[in-house]
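For reference, the structure discussed in these notes is given below.
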Amino acid sequence: LLKGRRIDNLPNDEIRRIRGKRIGMVFQDPLTSLNPLYRIGDQIIETIRTHLPLNEDQARARAIKLLQETGIPAAEQRIDQYPHQFSGGMRQRVVIALALAAEPQLIVADEPTTALDVSIQAQIIALIRRLCKDHGAAVMLVTHDMGVIAETCDRVAVMYAGRIVEIGPVADVIHRPSHPYTVGLM
C-alpha cells in the first residue's frame with residue numbers, strides 16, 4: 001500500500017508513473033544500478049525530466065543541487081563524469097541523488113551500505129536519514145544489519161521465508177524478540 005492505495009496489482013503503465021516519482025530506490029550496488037555508458041548527470045536529468053515539468057537547464061540545475069546535497073564535491077564538474085570515475089561511496093551518493101530526483105514520498109533503500117567500506121557506511125546511512133527528512137520522504141530500509149536498524153529506524157518488520165514474522169517499534173523487537181529468526185539476527 002502506498003498512501004492507502006494498493007500498488008502491487010497495478011498495470012505496468014501506472015506502476016511506471018509511481019516508480020521514480022512517488023517511490024525512489026537506492027540499490028545495494030550502485031555500480032550495477034548506474035548505466036556505465038551514460039554520464040551521471042544524464043541519468044539524473046532523465047529521471048527529473050520524466051517526472052517533473054522542468055526544462056533541460058532547470059533539470060540540470062536540480063541535478064547539480066542534489067549532487068551537492070549528497071556531498072559530491074565540485075558537483076558542477078562531476079555531473080559530466082561517468083560512474084567508473086567515482087569511488088563506491090561517491091557512486092552511492094549519486095544513486096541517492098537519483099532516488100530523490102523526482103521528489104518521491106518513499107525511498108526504498110535495499111542494503112545501501114553492503115558494498116561500502118565500514119568507514120563510509122555510517123556516513124551513507126546518516127546522509128539518507130538527513131536528506132529524506134529534508135525532502136519530506138519516508139525511508140524503508142531493507143537490511144540484515146540489526147545494528148543499523150537499532151540506530152536508524154523507528155519501526156522494524158522482520159521477514160523470514162518471504163513473510164513478516166515480527167513487527168513493531170525497534171526497541172520492542174530488539175529487546176524482546178519473539179521469533180527465532182529475529183533472535184538469530186540479533
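Going by the C-alpha cells order, chains are called A, B, ..., each with residues numbered from 1, while ligands are numbered from 1 in the order shown.
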
Identify all residues of chain A in strand (DSSP E) (DSSP on the backbone) and supply them as a short mmCIF file (atom, residue, chain, number, x, y, z; two decimals) with all heavy atoms, in the first residue's frame.
data_model
loop_
_atom_site.label_atom_id
_atom_site.label_comp_id
_atom_site.auth_asym_id
_atom_site.auth_seq_id
_atom_site.Cartn_x
_atom_site.Cartn_y
_atom_site.Cartn_z
N ILE A 23 8.02 6.77 -5.60
CA ILE A 23 8.91 5.85 -4.91
C ILE A 23 10.29 5.94 -5.56
O ILE A 23 10.43 5.70 -6.75
CB ILE A 23 8.41 4.39 -4.98
CG1 ILE A 23 7.03 4.26 -4.37
CG2 ILE A 23 9.41 3.46 -4.29
CD1 ILE A 23 6.40 2.88 -4.54
N GLY A 24 11.29 6.28 -4.76
CA GLY A 24 12.68 6.28 -5.22
C GLY A 24 13.36 5.03 -4.69
O GLY A 24 12.94 4.45 -3.70
N MET A 25 14.44 4.62 -5.34
CA MET A 25 15.11 3.37 -4.97
C MET A 25 16.61 3.59 -4.87
O MET A 25 17.21 4.18 -5.76
CB MET A 25 14.80 2.30 -6.02
CG MET A 25 15.36 0.95 -5.74
SD MET A 25 14.36 0.14 -4.48
CE MET A 25 15.42 -1.23 -4.07
N VAL A 26 17.18 3.10 -3.77
CA VAL A 26 18.64 3.07 -3.60
C VAL A 26 19.00 1.59 -3.56
O VAL A 26 18.65 0.88 -2.62
CB VAL A 26 19.08 3.78 -2.30
CG1 VAL A 26 20.59 3.66 -2.12
CG2 VAL A 26 18.65 5.24 -2.31
N LEU A 106 8.47 8.14 -0.84
CA LEU A 106 9.10 6.99 -0.20
C LEU A 106 10.40 6.66 -0.90
O LEU A 106 10.45 6.61 -2.13
CB LEU A 106 8.15 5.77 -0.27
CG LEU A 106 8.71 4.43 0.20
CD1 LEU A 106 9.00 4.45 1.70
CD2 LEU A 106 7.75 3.30 -0.15
N ILE A 107 11.44 6.40 -0.11
CA ILE A 107 12.70 5.89 -0.63
C ILE A 107 12.86 4.47 -0.10
O ILE A 107 12.82 4.25 1.12
CB ILE A 107 13.91 6.74 -0.16
CG1 ILE A 107 13.81 8.18 -0.65
CG2 ILE A 107 15.23 6.09 -0.58
CD1 ILE A 107 14.04 8.38 -2.11
N VAL A 108 13.05 3.51 -0.98
CA VAL A 108 13.35 2.15 -0.58
C VAL A 108 14.87 1.98 -0.73
O VAL A 108 15.40 2.13 -1.84
CB VAL A 108 12.60 1.11 -1.45
CG1 VAL A 108 12.99 -0.30 -1.04
CG2 VAL A 108 11.10 1.33 -1.36
N ALA A 109 15.54 1.72 0.37
CA ALA A 109 16.99 1.56 0.37
C ALA A 109 17.31 0.09 0.66
O ALA A 109 17.16 -0.37 1.78
CB ALA A 109 17.62 2.47 1.41
N ASP A 110 17.73 -0.63 -0.37
CA ASP A 110 18.00 -2.06 -0.26
C ASP A 110 19.48 -2.29 0.03
O ASP A 110 20.32 -2.15 -0.85
CB ASP A 110 17.60 -2.75 -1.57
CG ASP A 110 17.84 -4.24 -1.55
OD1 ASP A 110 18.10 -4.80 -0.46
OD2 ASP A 110 17.78 -4.86 -2.62
N ALA A 138 9.68 9.36 3.34
CA ALA A 138 9.85 8.25 4.27
C ALA A 138 10.92 7.32 3.70
O ALA A 138 11.16 7.31 2.50
CB ALA A 138 8.53 7.50 4.43
N VAL A 139 11.54 6.54 4.58
CA VAL A 139 12.56 5.58 4.15
C VAL A 139 12.17 4.18 4.60
O VAL A 139 11.83 3.98 5.77
CB VAL A 139 13.94 5.90 4.76
CG1 VAL A 139 14.98 4.90 4.29
CG2 VAL A 139 14.37 7.30 4.44
N MET A 140 12.24 3.24 3.67
CA MET A 140 12.11 1.83 4.00
C MET A 140 13.49 1.23 3.79
O MET A 140 13.98 1.15 2.66
CB MET A 140 11.09 1.12 3.11
CG MET A 140 10.95 -0.35 3.47
SD MET A 140 9.91 -1.28 2.30
CE MET A 140 8.38 -0.39 2.38
N LEU A 141 14.14 0.85 4.88
CA LEU A 141 15.49 0.31 4.84
C LEU A 141 15.42 -1.21 4.87
O LEU A 141 14.87 -1.79 5.81
CB LEU A 141 16.27 0.84 6.04
CG LEU A 141 17.71 0.43 6.18
CD1 LEU A 141 18.53 0.93 5.00
CD2 LEU A 141 18.28 1.00 7.47
N VAL A 142 15.96 -1.85 3.84
CA VAL A 142 15.99 -3.31 3.76
C VAL A 142 17.42 -3.72 4.12
O VAL A 142 18.36 -3.35 3.41
CB VAL A 142 15.63 -3.81 2.34
CG1 VAL A 142 15.68 -5.32 2.27
CG2 VAL A 142 14.27 -3.27 1.92
N ARG A 155 10.52 1.79 13.34
CA ARG A 155 9.80 0.52 13.37
C ARG A 155 10.59 -0.49 12.56
O ARG A 155 11.33 -0.13 11.66
CB ARG A 155 8.40 0.68 12.78
CG ARG A 155 7.49 1.56 13.62
CD ARG A 155 6.08 1.67 13.05
NE ARG A 155 5.40 0.43 12.75
CZ ARG A 155 4.83 -0.39 13.65
NH1 ARG A 155 4.88 -0.09 14.92
NH2 ARG A 155 4.21 -1.49 13.27
N VAL A 156 10.36 -1.76 12.86
CA VAL A 156 11.03 -2.82 12.13
C VAL A 156 10.04 -3.95 11.86
O VAL A 156 9.18 -4.23 12.68
CB VAL A 156 12.27 -3.35 12.91
CG1 VAL A 156 11.89 -3.95 14.25
CG2 VAL A 156 13.06 -4.37 12.09
N ALA A 157 10.17 -4.52 10.67
CA ALA A 157 9.43 -5.73 10.31
C ALA A 157 10.48 -6.77 9.95
O ALA A 157 11.31 -6.54 9.07
CB ALA A 157 8.50 -5.47 9.13
N VAL A 158 10.47 -7.88 10.64
CA VAL A 158 11.41 -8.96 10.38
C VAL A 158 10.72 -9.96 9.46
O VAL A 158 9.62 -10.42 9.75
CB VAL A 158 11.85 -9.64 11.70
CG1 VAL A 158 12.80 -10.81 11.40
CG2 VAL A 158 12.51 -8.63 12.64
N MET A 159 11.39 -10.27 8.36
CA MET A 159 10.84 -11.21 7.40
C MET A 159 11.65 -12.50 7.42
O MET A 159 12.87 -12.48 7.53
CB MET A 159 10.86 -10.62 6.00
CG MET A 159 9.93 -9.42 5.85
SD MET A 159 9.84 -8.83 4.16
CE MET A 159 8.86 -10.12 3.42
N TYR A 160 10.93 -13.60 7.28
CA TYR A 160 11.54 -14.92 7.19
C TYR A 160 10.76 -15.71 6.15
O TYR A 160 9.53 -15.77 6.22
CB TYR A 160 11.51 -15.62 8.56
CG TYR A 160 12.11 -17.00 8.53
CD1 TYR A 160 13.50 -17.16 8.45
CD2 TYR A 160 11.31 -18.13 8.56
CE1 TYR A 160 14.05 -18.43 8.41
CE2 TYR A 160 11.87 -19.40 8.53
CZ TYR A 160 13.24 -19.54 8.44
OH TYR A 160 13.81 -20.78 8.39
N ARG A 163 7.80 -13.87 4.48
CA ARG A 163 6.66 -13.45 5.30
C ARG A 163 7.14 -12.62 6.48
O ARG A 163 8.21 -12.87 7.04
CB ARG A 163 5.92 -14.67 5.87
CG ARG A 163 5.40 -15.62 4.84
CD ARG A 163 3.97 -15.27 4.50
NE ARG A 163 3.41 -16.26 3.60
CZ ARG A 163 2.88 -15.94 2.44
NH1 ARG A 163 2.80 -14.71 2.06
NH2 ARG A 163 2.39 -16.88 1.67
N ILE A 164 6.33 -11.65 6.88
CA ILE A 164 6.64 -10.88 8.08
C ILE A 164 6.33 -11.76 9.28
O ILE A 164 5.20 -12.24 9.43
CB ILE A 164 5.84 -9.57 8.14
CG1 ILE A 164 6.28 -8.63 7.01
CG2 ILE A 164 6.01 -8.89 9.51
CD1 ILE A 164 5.50 -7.34 6.91
N VAL A 165 7.35 -12.00 10.12
CA VAL A 165 7.16 -12.85 11.30
C VAL A 165 7.14 -12.04 12.60
O VAL A 165 6.75 -12.56 13.64
CB VAL A 165 8.26 -13.95 11.38
CG1 VAL A 165 8.11 -14.91 10.21
CG2 VAL A 165 9.65 -13.36 11.45
N GLU A 166 7.57 -10.78 12.50
CA GLU A 166 7.59 -9.94 13.69
C GLU A 166 7.62 -8.49 13.23
O GLU A 166 8.33 -8.14 12.29
CB GLU A 166 8.85 -10.26 14.50
CG GLU A 166 8.86 -9.68 15.87
CD GLU A 166 9.90 -10.35 16.76
OE1 GLU A 166 10.55 -11.33 16.36
OE2 GLU A 166 10.04 -9.86 17.89
N ILE A 167 6.83 -7.65 13.90
CA ILE A 167 6.77 -6.24 13.53
C ILE A 167 6.48 -5.41 14.77
O ILE A 167 5.77 -5.86 15.67
CB ILE A 167 5.70 -5.99 12.43
CG1 ILE A 167 5.81 -4.58 11.87
CG2 ILE A 167 4.31 -6.30 12.94
CD1 ILE A 167 4.99 -4.36 10.60
N GLY A 168 7.08 -4.22 14.82
CA GLY A 168 6.81 -3.34 15.94
C GLY A 168 7.87 -2.27 16.09
O GLY A 168 8.78 -2.15 15.26
N PRO A 169 7.76 -1.48 17.15
CA PRO A 169 8.80 -0.48 17.43
C PRO A 169 10.16 -1.17 17.58
O PRO A 169 10.25 -2.27 18.14
CB PRO A 169 8.34 0.16 18.74
CG PRO A 169 6.86 -0.10 18.80
CD PRO A 169 6.67 -1.43 18.12
#

Nearby residues (only C-alpha atoms) at most 7 Å from Ala102 in chain A, same-chain spacing under 3 positions excluded, as an mmCIF file with N, CA, C and O atoms, in the first residue's frame:
data_model
loop_
_atom_site.group_PDB
_atom_site.id
_atom_site.type_symbol
_atom_site.label_atom_id
_atom_site.label_comp_id
_atom_site.auth_asym_id
_atom_site.auth_seq_id
_atom_site.Cartn_x
_atom_site.Cartn_y
_atom_site.Cartn_z
ATOM 1 N N GLY A 20 9.940 6.060 -9.356
ATOM 2 C CA GLY A 20 10.742 7.239 -9.665
ATOM 3 C C GLY A 20 10.088 8.501 -9.157
ATOM 4 O O GLY A 20 10.738 9.327 -8.545
ATOM 5 N N LYS A 21 8.797 8.656 -9.395
ATOM 6 C CA LYS A 21 8.101 9.860 -8.957
ATOM 7 C C LYS A 21 7.669 9.762 -7.496
ATOM 8 O O LYS A 21 8.000 10.603 -6.682
ATOM 9 N N THR A 47 15.610 11.278 -15.250
ATOM 10 C CA THR A 47 14.584 11.000 -14.231
ATOM 11 C C THR A 47 13.816 12.272 -13.884
ATOM 12 O O THR A 47 12.579 12.255 -13.787
ATOM 13 N N ILE A 48 14.519 13.355 -13.707
ATOM 14 C CA ILE A 48 13.871 14.633 -13.390
ATOM 15 C C ILE A 48 12.911 15.031 -14.502
ATOM 16 O O ILE A 48 11.755 15.370 -14.258
ATOM 17 N N HIS A 51 9.613 13.001 -14.754
ATOM 18 C CA HIS A 51 8.609 13.119 -13.705
ATOM 19 C C HIS A 51 8.266 14.548 -13.275
ATOM 20 O O HIS A 51 7.251 14.754 -12.604
ATOM 21 N N LEU A 52 9.092 15.515 -13.617
ATOM 22 C CA LEU A 52 8.840 16.899 -13.201
ATOM 23 C C LEU A 52 8.768 17.815 -14.417
ATOM 24 O O LEU A 52 9.474 17.589 -15.400
#

As a ChimeraX atom specification, please: the residues near Gly41 in chain A (cut-off 8 Å, only C-alpha atoms, same-chain neighbours under 2 positions excluded). /A:39,43-45,60,63-64,79-81

Would you mind listing what lies within 8 Å of range 86-94 of chain A as a list in words, with only C-alpha atoms counted and same-chain residues fewer than 2 positions away left out?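 My list of contacting residues is Val26, Asp29, Pro30, Leu31, Ile40, Leu67, Thr70, Gly71, Ile72, Tyr82, Pro83, His84, Ile96, Ala97, Leu98, Pro112, Ala115, Leu116, Asp117, Ile120 and Ile124 of chain A.
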
Excluding Thr114 in chain A and any residue of its chain fewer than 5 positions from it, enumerate the residues within 9 Å of it, using only C-alpha atoms, and give them as a list in words. Gln28, Asp29, Gln121 and Thr143 of chain A

Between CA of Leu1 in chain A and CA of Ile125 in chain A, what is the distance in Å, rounded to a tenth?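 Between these atoms lies a distance of 24.7 Å.
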
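For the pair CA of Val183 in chain A and CA of His144 in chain A, the interatomic distance is 12.2 Å.
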
Between A:Pro36, A:Gly4, A:Pro104, A:Gly184, smallest distance to Gln85 in chain A by only C-alpha atoms belongs to A:Pro36

Distance CA of Val95 in chain A-CA of Ser33 in chain A, one decimal place?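 Computing it gives 7.8 Å between the two atoms.
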
DSSP on the backbone, alpha helix (DSSP H) only: what residues of chain A does that give? Format it as a PyMOL selection string. chain A and resi 12-18+30-33+40-51+56-69+75-78+88-100+118-135+146-152+170-175+180-185

What would the file look like if the residues just selected were written as a CSV table (one decimal), in the first residue's frame with C-alpha atoms?
chain,number,residue,atom,x,y,z
A,12,ASN,CA,2.7,-1.5,-16.0
A,13,ASP,CA,2.0,2.0,-17.2
A,14,GLU,CA,0.5,3.0,-13.8
A,15,ILE,CA,3.4,1.5,-11.8
A,16,ARG,CA,5.9,3.2,-14.1
A,17,ARG,CA,4.3,6.6,-13.2
A,18,ILE,CA,4.7,5.7,-9.5
A,30,PRO,CA,25.5,1.4,-7.2
A,31,LEU,CA,27.9,0.3,-9.9
A,32,THR,CA,25.2,-2.0,-11.3
A,33,SER,CA,22.4,0.4,-10.9
A,40,ILE,CA,25.7,10.6,-14.1
A,41,GLY,CA,24.1,13.9,-14.9
A,42,ASP,CA,22.3,12.4,-17.9
A,43,GLN,CA,20.9,9.7,-15.8
A,44,ILE,CA,19.6,12.1,-13.1
A,45,ILE,CA,18.3,14.7,-15.6
A,46,GLU,CA,16.4,11.9,-17.4
A,47,THR,CA,14.6,11.0,-14.2
A,48,ILE,CA,13.9,14.6,-13.4
A,49,ARG,CA,12.5,15.4,-16.9
A,50,THR,CA,10.4,12.2,-16.9
A,51,HIS,CA,8.6,13.1,-13.7
A,56,GLU,CA,16.8,20.8,-19.6
A,57,ASP,CA,18.5,23.8,-17.9
A,58,GLN,CA,16.3,23.6,-14.8
A,59,ALA,CA,16.7,19.8,-14.6
A,60,ARG,CA,20.5,20.2,-14.8
A,61,ALA,CA,20.4,22.8,-12.1
A,62,ARG,CA,18.3,20.5,-9.9
A,63,ALA,CA,20.7,17.6,-10.6
A,64,ILE,CA,23.7,19.7,-9.5
A,65,LYS,CA,21.9,20.8,-6.4
A,66,LEU,CA,21.1,17.2,-5.5
A,67,LEU,CA,24.7,16.1,-6.1
A,68,GLN,CA,25.8,18.9,-3.8
A,69,GLU,CA,23.3,17.9,-1.1
A,75,ALA,CA,29.2,18.8,-8.5
A,76,GLU,CA,29.2,21.3,-11.4
A,77,GLN,CA,32.1,19.4,-13.0
A,78,ARG,CA,31.4,15.9,-11.7
A,88,GLY,CA,32.0,3.3,-4.3
A,89,GLY,CA,30.8,5.8,-1.7
A,90,MET,CA,30.5,8.6,-4.2
A,91,ARG,CA,28.6,6.3,-6.6
A,92,GLN,CA,26.2,5.5,-3.7
A,93,ARG,CA,25.7,9.3,-3.2
A,94,VAL,CA,24.9,9.6,-6.9
A,95,VAL,CA,22.3,6.9,-6.5
A,96,ILE,CA,20.8,8.7,-3.5
A,97,ALA,CA,20.6,11.9,-5.6
A,98,LEU,CA,18.9,9.9,-8.3
A,99,ALA,CA,16.4,8.4,-5.9
A,100,LEU,CA,15.5,11.9,-4.7
A,118,VAL,CA,32.9,0.3,7.0
A,119,SER,CA,34.0,3.9,7.5
A,120,ILE,CA,31.7,5.1,4.7
A,121,GLN,CA,28.7,3.0,5.8
A,122,ALA,CA,27.7,5.3,8.7
A,123,GLN,CA,28.1,8.4,6.5
A,124,ILE,CA,25.7,7.0,3.9
A,125,ILE,CA,23.0,6.0,6.5
A,126,ALA,CA,23.2,9.4,8.1
A,127,LEU,CA,23.0,11.0,4.6
A,128,ILE,CA,19.9,9.0,3.7
A,129,ARG,CA,18.2,10.0,7.0
A,130,ARG,CA,19.1,13.7,6.7
A,131,LEU,CA,18.1,14.0,3.1
A,132,CYS,CA,14.8,12.1,3.5
A,133,LYS,CA,13.9,14.3,6.4
A,134,ASP,CA,14.9,17.5,4.5
A,135,HIS,CA,12.9,16.3,1.4
A,146,MET,CA,20.2,-5.1,13.2
A,147,GLY,CA,22.8,-2.6,14.4
A,148,VAL,CA,21.9,-0.2,11.6
A,149,ILE,CA,18.2,-0.8,12.3
A,150,ALA,CA,18.7,-0.1,16.0
A,151,GLU,CA,20.5,3.2,15.3
A,152,THR,CA,18.3,4.3,12.4
A,170,VAL,CA,12.5,-1.1,17.1
A,171,ALA,CA,13.2,-1.1,20.9
A,172,ASP,CA,10.5,-3.7,21.5
A,173,VAL,CA,11.6,-6.1,18.7
A,174,ILE,CA,15.3,-5.8,19.6
A,175,HIS,CA,15.0,-6.1,23.4
A,180,PRO,CA,13.8,-17.5,16.4
A,181,TYR,CA,15.0,-15.8,13.2
A,182,THR,CA,15.0,-12.4,14.9
A,183,VAL,CA,16.9,-13.9,17.8
A,184,GLY,CA,19.4,-15.2,15.2
A,185,LEU,CA,19.8,-11.8,13.6
